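Enquirer: Sharing structure02.csv here; it has CSV, C-alpha atoms.
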```csv
chain,number,residue,atom,x,y,z
X,184,MET,CA,-10.2,-23.7,-14.3
X,185,ARG,CA,-11.4,-22.6,-10.9
X,186,ILE,CA,-8.9,-21.3,-8.2
X,187,LEU,CA,-9.6,-20.7,-4.6
X,188,PHE,CA,-7.2,-18.1,-3.1
X,189,ILE,CA,-7.3,-17.7,0.7
X,190,THR,CA,-5.3,-14.7,1.8
X,191,ALA,CA,-4.9,-12.5,4.8
X,192,THR,CA,-7.2,-10.5,7.1
X,193,ARG,CA,-4.8,-7.6,7.4
X,194,LEU,CA,-4.3,-5.3,4.5
X,195,GLY,CA,-0.5,-5.4,4.5
X,196,ASP,CA,-0.3,-9.1,4.2
X,197,ALA,CA,-3.1,-9.2,1.6
X,198,VAL,CA,-1.2,-6.7,-0.5
X,199,LEU,CA,2.0,-8.8,-0.2
X,200,SER,CA,0.0,-11.8,-1.5
X,201,THR,CA,-1.0,-10.0,-4.8
X,202,GLY,CA,2.3,-10.8,-6.4
X,203,ILE,CA,1.8,-14.6,-6.4
X,204,LEU,CA,-1.9,-14.1,-7.2
X,205,ASN,CA,-0.9,-12.1,-10.3
X,206,THR,CA,1.5,-14.9,-11.3
X,207,LEU,CA,-1.4,-17.3,-11.2
X,208,ILE,CA,-3.5,-14.9,-13.4
X,209,GLN,CA,-0.7,-14.7,-15.9
X,210,GLN,CA,-0.2,-18.5,-16.0
X,211,TRP,CA,-4.0,-19.3,-16.3
X,212,PRO,CA,-5.5,-16.2,-17.9
X,213,ASN,CA,-8.9,-17.9,-18.4
X,214,ALA,CA,-9.2,-19.1,-14.8
X,215,ARG,CA,-12.1,-18.1,-12.6
X,216,ILE,CA,-10.7,-17.0,-9.2
X,217,THR,CA,-12.4,-16.8,-5.9
X,218,VAL,CA,-10.6,-14.8,-3.2
X,219,ALA,CA,-11.3,-15.3,0.5
X,220,CYS,CA,-10.0,-12.5,2.8
X,221,GLY,CA,-10.9,-10.2,5.7
X,222,PRO,CA,-13.2,-7.2,5.3
X,223,VAL,CA,-10.4,-4.6,5.4
X,224,ALA,CA,-8.7,-6.2,2.4
X,225,ALA,CA,-11.7,-7.1,0.3
X,226,GLY,CA,-11.7,-3.9,-1.9
X,227,LEU,CA,-8.1,-4.7,-3.0
X,228,PHE,CA,-9.4,-7.4,-5.5
X,229,SER,CA,-12.3,-5.4,-6.9
X,230,HIS,CA,-10.8,-5.0,-10.4
X,231,MET,CA,-8.7,-8.2,-10.5
X,232,PRO,CA,-8.7,-10.0,-13.9
X,233,GLY,CA,-10.5,-13.3,-13.7
X,234,LEU,CA,-12.3,-12.5,-10.4
X,235,GLU,CA,-15.4,-14.6,-9.9
X,236,ARG,CA,-16.2,-13.4,-6.4
X,237,VAL,CA,-14.7,-12.2,-3.1
X,238,LEU,CA,-15.7,-14.1,0.0
X,239,VAL,CA,-15.4,-11.7,3.0
X,240,MET,CA,-14.5,-13.5,6.2
X,241,HIS,CA,-16.0,-11.8,9.2
X,242,LYS,CA,-14.3,-13.0,12.4
X,243,ARG,CA,-16.5,-15.0,14.7
X,244,ARG,CA,-16.1,-16.6,18.1
X,245,TYR,CA,-14.6,-20.1,18.2
X,246,ASP,CA,-13.2,-19.6,14.7
X,247,LEU,CA,-16.7,-20.2,13.3
X,248,HIS,CA,-15.8,-18.0,10.3
X,249,TRP,CA,-13.7,-20.9,9.0
X,250,LEU,CA,-16.7,-23.2,9.1
X,251,ASP,CA,-18.7,-20.5,7.2
X,252,LEU,CA,-16.0,-20.5,4.6
X,253,TRP,CA,-16.0,-24.2,4.3
X,254,LYS,CA,-19.7,-24.3,3.9
X,255,THR,CA,-19.5,-21.8,1.0
X,256,CYS,CA,-16.6,-23.5,-0.8
X,257,ALA,CA,-17.5,-27.2,-0.2
X,258,PRO,CA,-20.0,-27.6,-3.1
X,259,THR,CA,-17.4,-26.5,-5.6
X,260,ARG,CA,-14.7,-28.8,-7.2
X,261,TRP,CA,-11.6,-26.6,-7.2
X,262,ASP,CA,-8.8,-27.2,-9.7
X,263,MET,CA,-6.4,-25.4,-7.3
X,264,THR,CA,-6.5,-24.1,-3.8
X,265,VAL,CA,-3.9,-21.7,-2.5
X,266,ASP,CA,-4.2,-21.2,1.3
X,267,LEU,CA,-1.9,-18.6,2.8
X,268,ARG,CA,-3.6,-19.0,6.2
X,269,GLY,CA,-2.6,-22.6,6.7
X,270,SER,CA,-6.2,-23.6,7.5
X,271,ILE,CA,-7.5,-27.1,8.0
X,272,ILE,CA,-10.4,-26.5,5.6
X,273,SER,CA,-8.1,-26.6,2.6
X,274,PHE,CA,-7.8,-30.3,3.2
X,275,ALA,CA,-11.5,-30.7,3.6
X,276,LEU,CA,-12.4,-29.3,0.1
X,277,ARG,CA,-12.5,-31.1,-3.2
X,278,SER,CA,-9.4,-29.8,-4.9
X,279,GLY,CA,-6.8,-30.7,-7.4
X,280,ARG,CA,-3.5,-29.1,-6.5
X,281,ARG,CA,-3.1,-27.6,-3.1
X,282,PHE,CA,-0.6,-25.0,-1.9
X,283,VAL,CA,-1.0,-24.5,1.8
X,284,MET,CA,1.3,-22.3,3.8
X,285,ARG,CA,2.2,-23.9,7.1
X,286,GLY,CA,4.4,-23.1,10.1
X,287,GLY,CA,3.2,-19.7,11.1
X,288,ARG,CA,5.5,-16.7,11.4
X,289,ARG,CA,9.2,-17.3,10.6
X,290,PRO,CA,12.3,-15.2,10.0
X,291,GLY,CA,12.9,-13.7,6.6
X,292,ARG,CA,10.9,-11.7,4.2
X,293,ARG,CA,7.3,-12.5,4.2
X,294,VAL,CA,7.0,-11.9,0.4
X,295,GLY,CA,9.8,-14.5,-0.1
X,296,HIS,CA,7.9,-17.1,1.9
X,297,LEU,CA,4.9,-16.5,-0.3
X,298,GLY,CA,6.9,-16.9,-3.4
X,299,ALA,CA,8.5,-20.1,-2.2
X,300,LEU,CA,5.1,-21.6,-1.7
X,301,LEU,CA,4.6,-21.7,-5.4
X,302,GLY,CA,8.3,-22.3,-6.2
X,303,LEU,CA,8.9,-18.7,-7.3
X,304,SER,CA,12.4,-17.2,-6.7
X,305,PRO,CA,12.7,-14.3,-6.6
X,306,ALA,CA,9.3,-13.7,-5.4
X,307,PRO,CA,7.1,-11.5,-7.6
X,308,HIS,CA,6.5,-7.9,-6.5
X,309,PRO,CA,3.0,-7.1,-5.2
X,310,THR,CA,0.7,-5.3,-7.6
X,311,VAL,CA,-2.6,-3.4,-7.7
X,312,TRP,CA,-5.5,-3.7,-10.2
X,313,LEU,CA,-7.1,-0.4,-11.1
X,314,ASN,CA,-9.8,0.7,-13.6
X,315,ASN,CA,-10.5,4.0,-15.3
X,316,ALA,CA,-12.8,5.2,-12.6
X,317,ASP,CA,-10.0,4.8,-10.0
X,318,GLN,CA,-7.7,6.8,-12.2
X,319,GLN,CA,-10.3,9.5,-12.7
X,320,ALA,CA,-11.0,9.7,-9.0
X,321,ALA,CA,-7.3,10.0,-8.2
X,322,ALA,CA,-6.8,12.8,-10.7
X,323,GLN,CA,-9.5,14.8,-8.9
X,324,VAL,CA,-7.4,14.7,-5.7
X,325,ILE,CA,-3.7,14.4,-6.7
X,326,PRO,CA,-2.4,16.9,-9.3
X,327,PRO,CA,-0.2,15.7,-12.2
X,328,TYR,CA,3.4,15.0,-11.5
X,329,THR,CA,5.9,17.8,-12.1
X,330,PRO,CA,9.6,17.3,-11.2
X,331,ASP,CA,10.0,20.6,-9.4
X,332,ALA,CA,6.7,20.4,-7.5
X,333,PRO,CA,6.4,16.8,-6.4
X,334,VAL,CA,3.5,15.6,-4.3
X,335,ILE,CA,4.9,13.6,-1.4
X,336,ALA,CA,2.6,11.2,0.4
X,337,LEU,CA,2.8,10.9,4.2
X,338,GLY,CA,1.4,8.0,6.0
X,339,PRO,CA,1.3,8.8,9.8
X,340,THR,CA,-1.0,6.0,10.9
X,341,ALA,CA,-0.7,2.3,11.7
X,342,ASN,CA,-2.7,-0.4,13.4
X,343,TRP,CA,-0.5,-0.5,16.5
X,344,HIS,CA,0.7,2.5,18.5
X,345,GLY,CA,4.2,1.1,18.7
X,346,LYS,CA,4.6,1.4,14.9
X,347,ILE,CA,3.7,5.1,14.8
X,348,TRP,CA,6.5,7.6,14.3
X,349,PRO,CA,5.7,10.6,16.5
X,350,THR,CA,3.3,12.9,14.6
X,351,GLU,CA,5.2,16.0,15.8
X,352,HIS,CA,8.1,14.9,13.7
X,353,TYR,CA,6.3,15.5,10.4
X,354,LEU,CA,6.5,19.3,10.5
X,355,PRO,CA,10.4,19.4,10.9
X,356,LEU,CA,10.6,16.6,8.3
X,357,TRP,CA,8.6,18.6,5.9
X,358,GLN,CA,10.7,21.7,6.5
X,359,GLN,CA,13.8,19.7,5.6
X,360,LEU,CA,12.2,18.3,2.4
X,361,VAL,CA,11.0,21.7,1.2
X,362,ALA,CA,14.5,23.1,1.7
X,363,THR,CA,15.4,21.0,-1.4
X,364,TYR,CA,12.0,21.1,-3.1
X,365,PRO,CA,10.3,24.4,-2.2
X,366,GLN,CA,7.3,23.7,-4.4
X,367,ALA,CA,6.6,20.3,-3.0
X,368,ARG,CA,3.2,19.6,-1.6
X,369,PRO,CA,2.3,17.0,1.0
X,370,ALA,CA,-0.6,14.5,0.7
X,371,ILE,CA,-1.8,12.9,4.0
X,372,PHE,CA,-3.0,9.3,3.6
X,373,TYR,CA,-4.9,7.3,6.2
X,374,GLY,CA,-7.6,4.7,6.4
X,375,PRO,CA,-11.3,4.8,7.2
X,376,GLY,CA,-12.7,5.2,10.7
X,377,PRO,CA,-12.3,7.7,13.6
X,378,GLN,CA,-9.1,6.1,14.9
X,379,GLU,CA,-7.2,6.7,11.7
X,380,ALA,CA,-8.6,10.2,11.3
X,381,GLU,CA,-7.5,11.0,14.9
X,382,LEU,CA,-4.0,9.8,14.2
X,383,ALA,CA,-3.8,11.9,10.9
X,384,ARG,CA,-5.4,15.1,12.3
X,385,PRO,CA,-2.2,16.5,14.0
X,386,VAL,CA,-0.3,16.2,10.7
X,387,LEU,CA,-3.1,17.8,8.7
X,388,HIS,CA,-3.1,20.7,11.2
X,389,ALA,CA,0.7,21.0,11.1
X,390,LEU,CA,0.7,21.1,7.3
X,391,PRO,CA,-2.4,23.2,6.5
X,392,HIS,CA,-1.6,23.2,2.7
X,393,ALA,CA,-1.6,19.4,2.6
X,394,ILE,CA,-4.0,17.4,0.5
X,395,ASP,CA,-6.3,15.3,2.6
X,396,ALA,CA,-6.1,11.9,0.9
X,397,GLY,CA,-7.6,9.7,3.5
X,398,GLY,CA,-10.6,8.2,5.2
X,399,ARG,CA,-13.2,8.4,2.4
X,400,PHE,CA,-11.7,6.5,-0.6
X,401,ALA,CA,-11.9,2.9,-1.8
X,402,LEU,CA,-8.7,0.9,-1.7
X,403,THR,CA,-8.2,1.0,-5.4
X,404,GLU,CA,-8.8,4.7,-5.5
X,405,THR,CA,-6.2,5.1,-2.8
X,406,ALA,CA,-3.8,3.0,-4.8
X,407,ALA,CA,-4.4,5.2,-7.8
X,408,MET,CA,-3.7,8.3,-5.8
X,409,LEU,CA,-0.5,6.9,-4.4
X,410,ALA,CA,0.6,6.0,-7.9
X,411,ARG,CA,0.4,9.7,-8.8
X,412,CYS,CA,2.8,10.7,-5.9
X,413,ALA,CA,6.5,11.1,-6.3
X,414,LEU,CA,7.3,9.5,-2.9
X,415,TYR,CA,5.6,7.9,0.0
X,416,ILE,CA,7.0,8.1,3.6
X,417,GLY,CA,5.2,6.3,6.3
X,418,ASN,CA,5.0,3.8,9.1
X,419,ASP,CA,5.0,0.0,8.6
X,420,SER,CA,1.4,-0.4,7.6
X,421,GLY,CA,-1.0,-1.6,4.9
X,422,LEU,CA,-0.8,1.8,3.3
X,423,MET,CA,3.0,1.5,3.0
X,424,HIS,CA,2.7,-1.9,1.3
X,425,LEU,CA,-0.1,-0.5,-1.0
X,426,ALA,CA,2.1,2.4,-2.0
X,427,ALA,CA,5.0,0.1,-2.9
X,428,ALA,CA,2.6,-2.2,-4.9
X,429,ALA,CA,1.3,0.9,-6.8
X,430,GLY,CA,4.8,1.6,-8.0
X,431,THR,CA,5.4,4.7,-5.8
X,432,PRO,CA,9.0,5.1,-4.5
X,433,THR,CA,8.3,4.1,-0.9
X,434,LEU,CA,10.2,4.8,2.4
X,435,GLY,CA,9.1,2.6,5.3
X,436,LEU,CA,9.7,3.7,8.9
X,437,PHE,CA,10.4,0.9,11.4
X,438,GLY,CA,10.7,0.7,15.1
X,439,PRO,CA,9.5,-2.4,17.0
X,440,SER,CA,8.2,-4.1,13.9
X,441,ARG,CA,10.8,-6.1,11.8
X,442,ALA,CA,12.0,-4.7,8.5
X,443,SER,CA,13.7,-8.0,7.9
X,444,GLU,CA,10.2,-9.5,7.5
X,445,TYR,CA,8.0,-6.7,6.4
X,446,ALA,CA,10.1,-4.1,4.6
X,447,PRO,CA,8.2,-2.6,1.6
X,448,THR,CA,8.6,-4.6,-1.6
X,449,GLY,CA,8.4,-2.8,-5.0
X,450,ALA,CA,10.4,-1.4,-7.9
X,451,MET,CA,11.9,1.4,-5.8
X,452,THR,CA,11.7,0.9,-2.0
X,453,HIS,CA,13.8,1.6,1.1
X,454,TRP,CA,13.4,1.6,4.8
X,455,VAL,CA,15.0,3.1,7.9
X,456,GLU,CA,14.9,1.6,11.4
X,457,ALA,CA,15.2,3.1,14.8
X,458,PRO,CA,18.4,2.4,16.6
X,459,GLY,CA,18.4,-0.7,18.8
X,460,PRO,CA,17.7,-4.4,18.6
X,461,GLU,CA,15.3,-5.3,15.8
X,462,GLY,CA,11.8,-5.9,17.1
X,463,LEU,CA,12.5,-3.9,20.3
X,464,ALA,CA,13.6,-0.5,19.2
X,465,PRO,CA,11.2,2.4,20.1
X,466,ILE,CA,10.3,4.2,16.9
X,467,ALA,CA,10.5,7.5,18.6
X,468,GLY,CA,14.3,7.0,18.4
X,469,LEU,CA,14.2,7.4,14.6
X,470,SER,CA,15.5,10.9,14.0
X,471,VAL,CA,14.0,13.4,11.6
X,472,GLU,CA,17.4,13.9,10.0
X,473,ARG,CA,17.8,10.3,9.2
X,474,VAL,CA,14.3,10.0,7.7
X,475,ALA,CA,14.8,13.3,5.7
X,476,HIS,CA,18.2,12.1,4.3
X,477,ALA,CA,16.7,8.7,3.2
X,478,ALA,CA,13.7,10.4,1.7
X,479,LEU,CA,15.7,12.9,-0.3
X,480,ALA,CA,18.0,10.1,-1.5
X,481,LEU,CA,15.1,8.0,-2.7
X,482,LEU,CA,13.5,11.0,-4.4
X,483,ARG,CA,16.7,11.8,-6.2
X,484,GLN,CA,17.1,8.1,-7.3
X,485,SER,CA,13.5,8.1,-8.7
X,486,ARG,CA,14.3,11.1,-10.9
X,487,THR,CA,17.3,9.5,-12.6
```
Give the structure from this file in structure tokens form.

Expert:
Amino acid sequence: MRILFITATRLGDAVLSTGILNTLIQQWPNARITVACGPVAAGLFSHMPGLERVLVMHKRRYDLHWLDLWKTCAPTRWDMTVDLRGSIISFALRSGRRFVMRGGRRPGRRVGHLGALLGLSPAPHPTVWLNNADQQAAAQVIPPYTPDAPVIALGPTANWHGKIWPTEHYLPLWQQLVATYPQARPAIFYGPGPQEAELARPVLHALPHAIDAGGRFALTETAAMLARCALYIGNDSGLMHLAAAAGTPTLGLFGPSRASEYAPTGAMTHWVEAPGPEGLAPIAGLSVERVAHAALALLRQSRT
């Protein structure tokens, strides 16, 4: 059986789609699966069971990247096509069953919409696929878990400035956390590239004993590092969704983005929103005290 799975360009949306993809893997364990996605998300599928290949879609003018994808996929007779982008090419391929998400953005949890496409309710949680090399790389960076000295991951970056909780809040946040966990250690996570590094730098400078866990790691290595952390606190971003998928207790910070659509999904997740109308509230209005209270509550819950 051959399955074509067309997922998102953005990392967060691609992570959310892993739940239904994992369901397909479980239902058809011998299937050969081709994943089409954007370059940022490509590494997410490196160790996925049943992977035949990853087709990386590089955006081109006039949407010519879709023509490129069609040319690559057209010679194959697919048993199933799952298209989360709602593209026209899904109907121009030789395919048995087709599941095509239509209608664009809509109210409600994105992960629920993905599950509904395949008739899954409740929607399956996102997941990550790791290998031994990922685990070994993570162990070199993040120390083993100990209840009295947890490693707490902080994610101060995002792909849009409006989502970014002010970086100067992380020092007072950390001071409140260590009042309860004096032996705790921060790990700062951020993506590749100079923009991400620049956003993370003030937090690394404010917390000089922090573990620098960003910028130079593969996505699966990052997921393995997140899985070794006791808690993740960070902006609405791909890293937030990756932390939740890795099974890390995850606290998402929301301002003008919508928690009703993109709250973290996982075994133990929570979120806090800035005061004001959803989708319009400035994230700077989210207080340090509220974030610290929610973070400590989630950390206590994870230890019971």

Enquirer: Give me, as JSON lines, each residue of range 382-423 of chain X that comes within 12 Å of range 469-474 of chain X, together with its shortest interatomic pair and the distance in Å at one decimal, counting all atoms listed in the file, with rows ordered by chain and rising residue number.

Expert:
```
{"residue": "X:Tyr415", "atom": "CA", "partner": "X:Val474", "partner_atom": "CA", "distance": 11.8}
{"residue": "X:Ile416", "atom": "CA", "partner": "X:Val474", "partner_atom": "CA", "distance": 8.6}
{"residue": "X:Gly417", "atom": "CA", "partner": "X:Val474", "partner_atom": "CA", "distance": 9.9}
{"residue": "X:Asn418", "atom": "CA", "partner": "X:Val474", "partner_atom": "CA", "distance": 11.3}
```

Enquirer: Generate the output file for the selected residues, C-alpha atoms, as a short mmCIF file (atom, residue, chain, number, x, y, z; two decimals), in the coordinates of the input.

Expert:
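Okay, this is what ended up in selection.cif:
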```cif
data_model
loop_
_atom_site.label_atom_id
_atom_site.label_comp_id
_atom_site.auth_asym_id
_atom_site.auth_seq_id
_atom_site.Cartn_x
_atom_site.Cartn_y
_atom_site.Cartn_z
CA TYR X 415 5.60 7.90 0.00
CA ILE X 416 7.00 8.10 3.60
CA GLY X 417 5.20 6.30 6.30
CA ASN X 418 5.00 3.80 9.10
#
```

Enquirer: What is the CA of Leu382 in chain X to CA of Gln319 in chain X distance in Å?

Expert: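 Going from CA of Leu382 in chain X over to CA of Gln319 in chain X, I get 27.6 Å.
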
Enquirer: Mind checking which residues fall within 8 Å of Arg236 in chain X, counting all atoms listed in the file, ignoring those fewer than 2 positions away in the same chain, and posting them as a compact mmCIF listing (two decimals) with C-alpha atoms, in the frame of the given file?

Expert:
```txt
# COMPACT_ATOMS: atom_id res chain seq x y z
CA ILE X 216 -10.70 -17.00 -9.20
CA THR X 217 -12.40 -16.80 -5.90
CA VAL X 218 -10.60 -14.80 -3.20
CA LEU X 234 -12.30 -12.50 -10.40
CA LEU X 238 -15.70 -14.10 0.00
```

Enquirer: Given the choices X:Arg193, X:Gly287, X:Ala332, X:Asp246, which gets closest to Pro365 in chain X if the distance is worked out from all atoms listed in the file?

Expert: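 For Pro365 in chain X, the nearest of the given residues is X:Ala332.
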
Enquirer: Hey, which bits of range 363-430 of chain X sit within 7 Å of range 311-317 of chain X, and for each residue what's the closest pair of atoms and how far apart in Å (one decimal), counting all atoms listed in the file, rows by chain and increasing number, as CSV?

Expert:
```
residue,atom,partner,partner_atom,distance
X:Thr403,CA,X:Leu313,CA,6.0
X:Glu404,CA,X:Asp317,CA,4.7
X:Ala407,CA,X:Asp317,CA,6.0
X:Ala428,CA,X:Val311,CA,6.0
X:Ala429,CA,X:Val311,CA,5.9
```

Enquirer: Find the residues around Pro290 in chain X up to 10 Å (all atoms listed in the file counted), leave out those fewer than 3 positions away in its own chain, and share them as a list of chain:residue names.

Expert: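 The contact residues come out as X:Arg293, X:His296, X:Arg441, X:Ser443, X:Glu444.
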